[in-house]
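Next comes input.pdb, with PDB, N, CA and C atoms.
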MODEL        1
ATOM      1  N   MET A 408      -5.779  10.689   0.455
ATOM      2  CA  MET A 408      -6.791   9.645   0.429
ATOM      3  C   MET A 408      -6.240   8.438  -0.320
ATOM      4  N   ASN A 409      -6.489   7.279   0.232
ATOM      5  CA  ASN A 409      -6.081   6.019  -0.358
ATOM      6  C   ASN A 409      -7.343   5.205  -0.624
ATOM      7  N   PHE A 410      -7.579   4.804  -1.868
ATOM      8  CA  PHE A 410      -8.817   4.134  -2.272
ATOM      9  C   PHE A 410      -8.471   2.794  -2.906
ATOM     10  N   LYS A 411      -9.024   1.698  -2.351
ATOM     11  CA  LYS A 411      -8.742   0.367  -2.891
ATOM     12  C   LYS A 411     -10.036  -0.415  -3.038
ATOM     13  N   THR A 412     -10.116  -1.209  -4.108
ATOM     14  CA  THR A 412     -11.246  -2.115  -4.318
ATOM     15  C   THR A 412     -10.701  -3.487  -4.694
ATOM     16  N   VAL A 413     -11.459  -4.501  -4.328
ATOM     17  CA  VAL A 413     -11.097  -5.865  -4.699
ATOM     18  C   VAL A 413     -12.363  -6.710  -4.608
ATOM     19  N   ALA A 414     -12.373  -7.809  -5.334
ATOM     20  CA  ALA A 414     -13.464  -8.776  -5.258
ATOM     21  C   ALA A 414     -12.863 -10.130  -4.898
ATOM     22  N   ALA A 415     -13.660 -10.926  -4.172
ATOM     23  CA  ALA A 415     -13.203 -12.256  -3.776
ATOM     24  C   ALA A 415     -14.412 -13.187  -3.681
ATOM     25  N   LEU A 416     -14.160 -14.483  -3.781
ATOM     26  CA  LEU A 416     -15.207 -15.474  -3.549
ATOM     27  C   LEU A 416     -15.110 -15.934  -2.104
ATOM     28  N   LEU A 417     -16.171 -15.706  -1.335
ATOM     29  CA  LEU A 417     -16.225 -16.155   0.054
ATOM     30  C   LEU A 417     -17.308 -17.209   0.157
ATOM     31  N   ASP A 418     -16.924 -18.428   0.440
ATOM     32  CA  ASP A 418     -17.856 -19.561   0.472
ATOM     33  C   ASP A 418     -18.663 -19.649  -0.822
ATOM     34  N   GLY A 419     -18.007 -19.371  -1.955
ATOM     35  CA  GLY A 419     -18.641 -19.459  -3.254
ATOM     36  C   GLY A 419     -19.493 -18.263  -3.638
ATOM     37  N   VAL A 420     -19.499 -17.217  -2.807
ATOM     38  CA  VAL A 420     -20.314 -16.027  -3.081
ATOM     39  C   VAL A 420     -19.398 -14.862  -3.457
ATOM     40  N   HIS A 421     -19.673 -14.242  -4.611
ATOM     41  CA  HIS A 421     -18.914 -13.074  -5.049
ATOM     42  C   HIS A 421     -19.085 -11.945  -4.033
ATOM     43  N   THR A 422     -17.973 -11.389  -3.581
ATOM     44  CA  THR A 422     -17.995 -10.349  -2.552
ATOM     45  C   THR A 422     -17.105  -9.198  -2.993
ATOM     46  N   ASP A 423     -17.652  -7.986  -2.985
ATOM     47  CA  ASP A 423     -16.906  -6.775  -3.337
ATOM     48  C   ASP A 423     -16.491  -6.042  -2.073
ATOM     49  N   PHE A 424     -15.270  -5.512  -2.112
ATOM     50  CA  PHE A 424     -14.709  -4.761  -0.987
ATOM     51  C   PHE A 424     -14.260  -3.394  -1.486
ATOM     52  N   VAL A 425     -14.562  -2.365  -0.705
ATOM     53  CA  VAL A 425     -14.069  -1.017  -0.966
ATOM     54  C   VAL A 425     -13.506  -0.489   0.349
ATOM     55  N   VAL A 426     -12.282   0.030   0.293
ATOM     56  CA  VAL A 426     -11.671   0.651   1.467
ATOM     57  C   VAL A 426     -11.070   1.975   1.037
ATOM     58  N   SER A 427     -11.463   3.035   1.719
ATOM     59  CA  SER A 427     -10.883   4.362   1.501
ATOM     60  C   SER A 427     -10.342   4.851   2.833
ATOM     61  N   VAL A 428      -9.064   5.181   2.845
ATOM     62  CA  VAL A 428      -8.431   5.672   4.060
ATOM     63  C   VAL A 428      -8.197   7.166   3.889
ATOM     64  N   PHE A 429      -8.866   7.938   4.732
ATOM     65  CA  PHE A 429      -8.705   9.385   4.750
ATOM     66  C   PHE A 429      -7.796   9.751   5.919
ATOM     67  N   GLU A 430      -7.559  11.022   6.110
ATOM     68  CA  GLU A 430      -6.656  11.476   7.166
ATOM     69  C   GLU A 430      -7.089  10.986   8.553
ATOM     70  N   ASP A 431      -8.372  11.095   8.864
ATOM     71  CA  ASP A 431      -8.835  10.732  10.201
ATOM     72  C   ASP A 431      -9.992   9.735  10.200
ATOM     73  N   THR A 432     -10.361   9.194   9.040
ATOM     74  CA  THR A 432     -11.509   8.299   8.929
ATOM     75  C   THR A 432     -11.230   7.214   7.895
ATOM     76  N   ILE A 433     -11.736   6.031   8.166
ATOM     77  CA  ILE A 433     -11.674   4.931   7.199
ATOM     78  C   ILE A 433     -13.101   4.635   6.742
ATOM     79  N   PHE A 434     -13.289   4.433   5.437
ATOM     80  CA  PHE A 434     -14.576   4.008   4.897
ATOM     81  C   PHE A 434     -14.413   2.581   4.390
ATOM     82  N   ILE A 435     -15.304   1.689   4.837
ATOM     83  CA  ILE A 435     -15.271   0.286   4.419
ATOM     84  C   ILE A 435     -16.664  -0.124   3.944
ATOM     85  N   ALA A 436     -16.732  -0.729   2.758
ATOM     86  CA  ALA A 436     -17.985  -1.308   2.267
ATOM     87  C   ALA A 436     -17.686  -2.733   1.820
ATOM     88  N   VAL A 437     -18.486  -3.666   2.332
ATOM     89  CA  VAL A 437     -18.386  -5.063   1.937
ATOM     90  C   VAL A 437     -19.783  -5.480   1.511
ATOM     91  N   THR A 438     -19.912  -5.978   0.271
ATOM     92  CA  THR A 438     -21.236  -6.335  -0.229
ATOM     93  C   THR A 438     -21.187  -7.612  -1.049
ATOM     94  N   GLN A 439     -22.250  -8.397  -0.915
ATOM     95  CA  GLN A 439     -22.388  -9.607  -1.713
ATOM     96  C   GLN A 439     -23.552  -9.505  -2.690
ATOM     97  N   ASN A 440     -24.156  -8.320  -2.790
ATOM     98  CA  ASN A 440     -25.255  -8.134  -3.744
ATOM     99  C   ASN A 440     -25.220  -6.764  -4.425
ATOM    100  N   SER A 441     -24.059  -6.161  -4.492
ATOM    101  CA  SER A 441     -23.839  -4.876  -5.192
ATOM    102  C   SER A 441     -24.639  -3.720  -4.604
ATOM    103  N   LYS A 442     -25.038  -3.828  -3.341
ATOM    104  CA  LYS A 442     -25.767  -2.756  -2.669
ATOM    105  C   LYS A 442     -25.098  -2.451  -1.342
ATOM    106  N   LEU A 443     -25.248  -1.216  -0.899
ATOM    107  CA  LEU A 443     -24.783  -0.858   0.436
ATOM    108  C   LEU A 443     -25.812  -1.289   1.467
ATOM    109  N   GLY A 444     -25.327  -1.737   2.590
ATOM    110  CA  GLY A 444     -26.207  -2.044   3.714
ATOM    111  C   GLY A 444     -26.272  -0.836   4.635
ATOM    112  N   THR A 445     -26.686  -1.071   5.849
ATOM    113  CA  THR A 445     -26.747  -0.022   6.857
ATOM    114  C   THR A 445     -25.361   0.566   7.052
ATOM    115  N   LEU A 446     -25.287   1.891   7.123
ATOM    116  CA  LEU A 446     -24.020   2.575   7.380
ATOM    117  C   LEU A 446     -23.875   2.815   8.874
ATOM    118  N   TYR A 447     -22.759   2.355   9.410
ATOM    119  CA  TYR A 447     -22.456   2.527  10.825
ATOM    120  C   TYR A 447     -21.246   3.444  10.979
ATOM    121  N   LEU A 448     -21.289   4.291  12.001
ATOM    122  CA  LEU A 448     -20.126   5.079  12.399
ATOM    123  C   LEU A 448     -19.550   4.399  13.635
ATOM    124  N   VAL A 449     -18.290   4.025  13.558
ATOM    125  CA  VAL A 449     -17.626   3.316  14.650
ATOM    126  C   VAL A 449     -16.477   4.193  15.143
ATOM    127  N   LYS A 450     -16.523   4.524  16.445
ATOM    128  CA  LYS A 450     -15.453   5.314  17.059
ATOM    129  C   LYS A 450     -14.806   4.490  18.161
ATOM    130  N   PRO A 451     -13.467   4.409  18.156
ATOM    131  CA  PRO A 451     -12.791   3.668  19.223
ATOM    132  C   PRO A 451     -13.059   4.336  20.572
ATOM    133  N   ASP A 452     -13.251   3.511  21.577
ATOM    134  CA  ASP A 452     -13.484   3.974  22.938
ATOM    135  C   ASP A 452     -12.642   3.080  23.826
ATOM    136  N   CYS A 453     -11.399   3.460  24.059
ATOM    137  CA  CYS A 453     -10.434   2.594  24.722
ATOM    138  C   CYS A 453     -10.678   2.561  26.229
ATOM    139  N   TYR A 454     -10.965   1.364  26.735
ATOM    140  CA  TYR A 454     -11.129   1.164  28.178
ATOM    141  C   TYR A 454      -9.776   0.874  28.825
ATOM    142  N   SER A 455      -8.983   0.066  28.179
ATOM    143  CA  SER A 455      -7.631  -0.248  28.639
ATOM    144  C   SER A 455      -6.841  -0.746  27.435
ATOM    145  N   SER A 456      -5.572  -0.952  27.620
ATOM    146  CA  SER A 456      -4.742  -1.398  26.487
ATOM    147  C   SER A 456      -5.130  -2.798  26.011
ATOM    148  N   GLU A 457      -5.767  -3.615  26.878
ATOM    149  CA  GLU A 457      -6.150  -4.965  26.490
ATOM    150  C   GLU A 457      -7.587  -5.053  25.978
ATOM    151  N   ASP A 458      -8.421  -4.078  26.296
ATOM    152  CA  ASP A 458      -9.853  -4.169  25.987
ATOM    153  C   ASP A 458     -10.305  -2.981  25.152
ATOM    154  N   GLN A 459     -10.253  -3.120  23.827
ATOM    155  CA  GLN A 459     -10.677  -2.050  22.932
ATOM    156  C   GLN A 459     -12.190  -2.074  22.791
ATOM    157  N   GLY A 460     -12.847  -0.982  23.119
ATOM    158  CA  GLY A 460     -14.283  -0.865  22.953
ATOM    159  C   GLY A 460     -14.600   0.092  21.821
ATOM    160  N   TYR A 461     -15.855   0.110  21.399
ATOM    161  CA  TYR A 461     -16.255   0.962  20.295
ATOM    162  C   TYR A 461     -17.612   1.592  20.576
ATOM    163  N   ASP A 462     -17.734   2.845  20.228
ATOM    164  CA  ASP A 462     -19.013   3.543  20.250
ATOM    165  C   ASP A 462     -19.565   3.417  18.830
ATOM    166  N   ILE A 463     -20.726   2.773  18.681
ATOM    167  CA  ILE A 463     -21.278   2.488  17.356
ATOM    168  C   ILE A 463     -22.625   3.186  17.208
ATOM    169  N   LYS A 464     -22.778   3.881  16.084
ATOM    170  CA  LYS A 464     -24.006   4.629  15.815
ATOM    171  C   LYS A 464     -24.442   4.360  14.376
ATOM    172  N   VAL A 465     -25.737   4.148  14.175
ATOM    173  CA  VAL A 465     -26.268   3.960  12.827
ATOM    174  C   VAL A 465     -26.399   5.333  12.163
ATOM    175  N   LEU A 466     -25.781   5.495  11.008
ATOM    176  CA  LEU A 466     -25.890   6.739  10.248
ATOM    177  C   LEU A 466     -27.069   6.710   9.287
ATOM    178  N   PHE A 467     -27.280   5.535   8.685
ATOM    179  CA  PHE A 467     -28.343   5.395   7.695
ATOM    180  C   PHE A 467     -28.743   3.931   7.620
ATOM    181  N   GLY A 468     -30.014   3.657   7.758
ATOM    182  CA  GLY A 468     -30.490   2.289   7.671
ATOM    183  C   GLY A 468     -31.056   1.798   8.989
ATOM    184  N   ARG A 469     -31.133   0.477   9.111
ATOM    185  CA  ARG A 469     -31.771  -0.180  10.255
ATOM    186  C   ARG A 469     -30.712  -0.791  11.167
ATOM    187  N   ASP A 470     -30.829  -0.505  12.457
ATOM    188  CA  ASP A 470     -29.917  -1.090  13.436
ATOM    189  C   ASP A 470     -30.227  -2.568  13.594
ATOM    190  N   ASP A 471     -29.187  -3.382  13.691
ATOM    191  CA  ASP A 471     -29.346  -4.830  13.804
ATOM    192  C   ASP A 471     -28.274  -5.339  14.760
ATOM    193  N   ASP A 472     -28.694  -6.051  15.819
ATOM    194  CA  ASP A 472     -27.750  -6.528  16.834
ATOM    195  C   ASP A 472     -26.697  -7.470  16.264
ATOM    196  N   THR A 473     -27.093  -8.361  15.358
ATOM    197  CA  THR A 473     -26.135  -9.290  14.757
ATOM    198  C   THR A 473     -25.099  -8.534  13.943
ATOM    199  N   GLN A 474     -25.564  -7.576  13.164
ATOM    200  CA  GLN A 474     -24.649  -6.782  12.342
ATOM    201  C   GLN A 474     -23.693  -5.971  13.211
ATOM    202  N   THR A 475     -24.224  -5.388  14.279
ATOM    203  CA  THR A 475     -23.385  -4.618  15.197
ATOM    204  C   THR A 475     -22.309  -5.511  15.807
ATOM    205  N   SER A 476     -22.677  -6.711  16.210
ATOM    206  CA  SER A 476     -21.722  -7.669  16.771
ATOM    207  C   SER A 476     -20.657  -8.049  15.748
ATOM    208  N   ASN A 477     -21.074  -8.270  14.500
ATOM    209  CA  ASN A 477     -20.115  -8.585  13.434
ATOM    210  C   ASN A 477     -19.126  -7.453  13.225
ATOM    211  N   ILE A 478     -19.606  -6.231  13.261
ATOM    212  CA  ILE A 478     -18.745  -5.066  13.044
ATOM    213  C   ILE A 478     -17.742  -4.926  14.184
ATOM    214  N   VAL A 479     -18.197  -5.117  15.414
ATOM    215  CA  VAL A 479     -17.279  -5.047  16.548
ATOM    216  C   VAL A 479     -16.196  -6.112  16.415
ATOM    217  N   SER A 480     -16.573  -7.320  16.028
ATOM    218  CA  SER A 480     -15.592  -8.399  15.832
ATOM    219  C   SER A 480     -14.568  -8.031  14.767
ATOM    220  N   LEU A 481     -15.049  -7.469  13.660
ATOM    221  CA  LEU A 481     -14.130  -7.052  12.590
ATOM    222  C   LEU A 481     -13.192  -5.951  13.053
ATOM    223  N   MET A 482     -13.736  -4.944  13.736
ATOM    224  CA  MET A 482     -12.905  -3.819  14.185
ATOM    225  C   MET A 482     -11.821  -4.296  15.156
ATOM    226  N   ARG A 483     -12.190  -5.196  16.057
ATOM    227  CA  ARG A 483     -11.201  -5.736  17.001
ATOM    228  C   ARG A 483     -10.161  -6.576  16.270
ATOM    229  N   GLY A 484     -10.617  -7.407  15.344
ATOM    230  CA  GLY A 484      -9.691  -8.250  14.592
ATOM    231  C   GLY A 484      -8.724  -7.452  13.736
ATOM    232  N   LEU A 485      -9.206  -6.320  13.221
ATOM    233  CA  LEU A 485      -8.362  -5.460  12.387
ATOM    234  C   LEU A 485      -7.566  -4.459  13.218
ATOM    235  N   ASN A 486      -7.875  -4.392  14.516
ATOM    236  CA  ASN A 486      -7.223  -3.450  15.427
ATOM    237  C   ASN A 486      -7.361  -2.007  14.942
ATOM    238  N   VAL A 487      -8.577  -1.643  14.543
ATOM    239  CA  VAL A 487      -8.847  -0.296  14.046
ATOM    240  C   VAL A 487      -8.884   0.670  15.227
ATOM    241  N   ASP A 488      -8.107   1.739  15.122
ATOM    242  CA  ASP A 488      -8.031   2.697  16.218
ATOM    243  C   ASP A 488      -8.389   4.116  15.788
ATOM    244  N   CYS A 489      -9.161   4.235  14.700
ATOM    245  CA  CYS A 489      -9.624   5.554  14.272
ATOM    246  C   CYS A 489     -11.093   5.452  13.843
ATOM    247  N   LYS A 490     -11.698   6.598  13.665
ATOM    248  CA  LYS A 490     -13.104   6.656  13.271
ATOM    249  C   LYS A 490     -13.294   5.921  11.942
ATOM    250  N   THR A 491     -14.359   5.088  11.870
ATOM    251  CA  THR A 491     -14.613   4.268  10.686
ATOM    252  C   THR A 491     -16.088   4.316  10.327
ATOM    253  N   ILE A 492     -16.365   4.458   9.045
ATOM    254  CA  ILE A 492     -17.731   4.305   8.526
ATOM    255  C   ILE A 492     -17.722   2.985   7.769
ATOM    256  N   ILE A 493     -18.649   2.096   8.138
ATOM    257  CA  ILE A 493     -18.629   0.748   7.577
ATOM    258  C   ILE A 493     -20.030   0.283   7.203
ATOM    259  N   SER A 494     -20.092  -0.458   6.104
ATOM    260  CA  SER A 494     -21.327  -1.091   5.654
ATOM    261  C   SER A 494     -21.021  -2.541   5.319
ATOM    262  N   LEU A 495     -21.782  -3.462   5.927
ATOM    263  CA  LEU A 495     -21.675  -4.890   5.610
ATOM    264  C   LEU A 495     -23.001  -5.348   5.025
ATOM    265  N   MET A 496     -22.984  -5.820   3.792
ATOM    266  CA  MET A 496     -24.183  -6.388   3.175
ATOM    267  C   MET A 496     -23.801  -7.797   2.746
ATOM    268  N   ILE A 497     -23.847  -8.719   3.725
ATOM    269  CA  ILE A 497     -23.410 -10.092   3.476
ATOM    270  C   ILE A 497     -24.561 -11.059   3.721
ATOM    271  N   ASN A 498     -24.521 -12.170   2.979
ATOM    272  CA  ASN A 498     -25.575 -13.179   3.074
ATOM    273  C   ASN A 498     -25.371 -14.126   4.241
ATOM    274  N   ASN A 499     -24.121 -14.377   4.591
ATOM    275  CA  ASN A 499     -23.805 -15.370   5.600
ATOM    276  C   ASN A 499     -23.000 -14.718   6.720
ATOM    277  N   ASN A 500     -23.479 -14.823   7.951
ATOM    278  CA  ASN A 500     -22.809 -14.215   9.103
ATOM    279  C   ASN A 500     -22.006 -15.223   9.913
ATOM    280  N   ASN A 501     -21.616 -16.349   9.311
ATOM    281  CA  ASN A 501     -20.891 -17.340  10.096
ATOM    282  C   ASN A 501     -19.444 -16.910  10.336
ATOM    283  N   PHE A 502     -18.798 -17.594  11.271
ATOM    284  CA  PHE A 502     -17.443 -17.238  11.665
ATOM    285  C   PHE A 502     -16.475 -17.311  10.494
ATOM    286  N   ARG A 503     -16.596 -18.336   9.663
ATOM    287  CA  ARG A 503     -15.671 -18.507   8.542
ATOM    288  C   ARG A 503     -15.754 -17.337   7.555
ATOM    289  N   THR A 504     -16.977 -16.884   7.262
ATOM    290  CA  THR A 504     -17.142 -15.741   6.358
ATOM    291  C   THR A 504     -16.572 -14.471   6.973
ATOM    292  N   LEU A 505     -16.862 -14.235   8.241
ATOM    293  CA  LEU A 505     -16.337 -13.033   8.909
ATOM    294  C   LEU A 505     -14.814 -13.062   8.979
ATOM    295  N   ARG A 506     -14.244 -14.219   9.212
ATOM    296  CA  ARG A 506     -12.786 -14.350   9.248
ATOM    297  C   ARG A 506     -12.195 -14.068   7.861
ATOM    298  N   ALA A 507     -12.835 -14.552   6.810
ATOM    299  CA  ALA A 507     -12.365 -14.296   5.447
ATOM    300  C   ALA A 507     -12.456 -12.813   5.125
ATOM    301  N   ILE A 508     -13.542 -12.161   5.541
ATOM    302  CA  ILE A 508     -13.691 -10.714   5.334
ATOM    303  C   ILE A 508     -12.562  -9.982   6.046
ATOM    304  N   GLN A 509     -12.280 -10.381   7.269
ATOM    305  CA  GLN A 509     -11.202  -9.754   8.038
ATOM    306  C   GLN A 509      -9.859  -9.900   7.322
ATOM    307  N   GLN A 510      -9.590 -11.071   6.760
ATOM    308  CA  GLN A 510      -8.334 -11.293   6.054
ATOM    309  C   GLN A 510      -8.217 -10.391   4.822
ATOM    310  N   VAL A 511      -9.293 -10.271   4.051
ATOM    311  CA  VAL A 511      -9.254  -9.411   2.867
ATOM    312  C   VAL A 511      -9.071  -7.958   3.283
ATOM    313  N   LEU A 512      -9.803  -7.518   4.291
ATOM    314  CA  LEU A 512      -9.672  -6.135   4.757
ATOM    315  C   LEU A 512      -8.283  -5.844   5.307
ATOM    316  N   SER A 513      -7.683  -6.821   5.976
ATOM    317  CA  SER A 513      -6.305  -6.645   6.481
ATOM    318  C   SER A 513      -5.358  -6.380   5.326
ATOM    319  N   TYR A 514      -5.551  -7.103   4.238
ATOM    320  CA  TYR A 514      -4.721  -6.921   3.052
ATOM    321  C   TYR A 514      -4.913  -5.520   2.459
ATOM    322  N   LEU A 515      -6.161  -5.041   2.426
ATOM    323  CA  LEU A 515      -6.442  -3.739   1.828
ATOM    324  C   LEU A 515      -6.008  -2.566   2.690
ATOM    325  N   MET A 516      -5.991  -2.773   3.991
ATOM    326  CA  MET A 516      -5.658  -1.668   4.898
ATOM    327  C   MET A 516      -4.184  -1.673   5.209
TER     328      MET A 516
ENDMDL
END
What would the structure in this file look like if it were written as structure tokens?
Amino acid sequence: MNFKTVAALLDGVHTDFVVSVFEDTIFIAVTQNSKLGTLYLVKPDCYSSEDQGYDIKVLFGRDDDTQTSNIVSLMRGLNVDCKTIISLMINNNNFRTLRAIQQVLSYLM
């Protein structure tokens, strides 16, 4: 198991990151208010080598289309190809914030 934490300022907002890499699963938590958000289970579902799809299921919390879309964007940007449990508790869902989150997660993974 590999466990990493880091904090960063994203658009002036303190953001905590936790990444744990296990043998067959990655755990990711990103929060801007010291709380976990909805937990999603993301499994890669490869349609072709150019089009990575994901099977996404809510493990705990409320399903949200915007959040699901953000998670898919992050998984594609990070090129995640294994089972992942992820929680995003962010105040701003704009492209710049999501891109910054992706950059920090790339560094941690």
Target residues per the PyMOL selection byres ((chain A and resi 480-495) around 5), formatted as a list of chain:residue names: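 Given this file, the PyMOL selection byres ((chain A and resi 480-495) around 5) evaluates to A:Asp431, A:Thr432, A:Ile433, A:Phe434, A:Ile435, A:Ala436, A:Val437, A:Gly444, A:Thr445, A:Leu446, A:Tyr447, A:Leu448, A:Val449, A:Lys450, A:Ser476, A:Asn477, A:Ile478, A:Val479, A:Met496, A:Ile497.
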The PyMOL selection byres (((chain A and resi 461 and name CA) around 8) and name CA) applied to the shown file, residues as a PDB file with N, CA and C atoms, in the frame of the given file:
ATOM      1  N   VAL A 449     -18.290   4.025  13.558  1.00  0.00           N
ATOM      2  CA  VAL A 449     -17.626   3.316  14.650  1.00  0.00           C
ATOM      3  C   VAL A 449     -16.477   4.193  15.143  1.00  0.00           C
ATOM      4  N   LYS A 450     -16.523   4.524  16.445  1.00  0.00           N
ATOM      5  CA  LYS A 450     -15.453   5.314  17.059  1.00  0.00           C
ATOM      6  C   LYS A 450     -14.806   4.490  18.161  1.00  0.00           C
ATOM      7  N   PRO A 451     -13.467   4.409  18.156  1.00  0.00           N
ATOM      8  CA  PRO A 451     -12.791   3.668  19.223  1.00  0.00           C
ATOM      9  C   PRO A 451     -13.059   4.336  20.572  1.00  0.00           C
ATOM     10  N   ASP A 452     -13.251   3.511  21.577  1.00  0.00           N
ATOM     11  CA  ASP A 452     -13.484   3.974  22.938  1.00  0.00           C
ATOM     12  C   ASP A 452     -12.642   3.080  23.826  1.00  0.00           C
ATOM     13  N   CYS A 453     -11.399   3.460  24.059  1.00  0.00           N
ATOM     14  CA  CYS A 453     -10.434   2.594  24.722  1.00  0.00           C
ATOM     15  C   CYS A 453     -10.678   2.561  26.229  1.00  0.00           C
ATOM     16  N   GLN A 459     -10.253  -3.120  23.827  1.00  0.00           N
ATOM     17  CA  GLN A 459     -10.677  -2.050  22.932  1.00  0.00           C
ATOM     18  C   GLN A 459     -12.190  -2.074  22.791  1.00  0.00           C
ATOM     19  N   GLY A 460     -12.847  -0.982  23.119  1.00  0.00           N
ATOM     20  CA  GLY A 460     -14.283  -0.865  22.953  1.00  0.00           C
ATOM     21  C   GLY A 460     -14.600   0.092  21.821  1.00  0.00           C
ATOM     22  N   ASP A 462     -17.734   2.845  20.228  1.00  0.00           N
ATOM     23  CA  ASP A 462     -19.013   3.543  20.250  1.00  0.00           C
ATOM     24  C   ASP A 462     -19.565   3.417  18.830  1.00  0.00           C
ATOM     25  N   ILE A 463     -20.726   2.773  18.681  1.00  0.00           N
ATOM     26  CA  ILE A 463     -21.278   2.488  17.356  1.00  0.00           C
ATOM     27  C   ILE A 463     -22.625   3.186  17.208  1.00  0.00           C
ATOM     28  N   VAL A 479     -18.197  -5.117  15.414  1.00  0.00           N
ATOM     29  CA  VAL A 479     -17.279  -5.047  16.548  1.00  0.00           C
ATOM     30  C   VAL A 479     -16.196  -6.112  16.415  1.00  0.00           C
TER      31      VAL A 479
END
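Nearest-residue note for Ser427 (chain A): choosing from A:Thr412, A:Asn498, A:Ser441, A:Thr473, the minimum distance belongs to A:Thr412, counting only N, CA and C atoms.
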Where does the PyMOL selection byres (((chain A and resi 512 and name CA) around 10) and name CA) land in this file, that is, which residues does it pick, as number ranges by chain? A: 413, 424-426, 435-437, 481, 485, 506-511, 513-516
With DSSP run on the backbone, what are the alpha helix (DSSP H) residues within chain A? I'd like them as a VMD selection string. chain A and resid 472 to 485 502 to 515
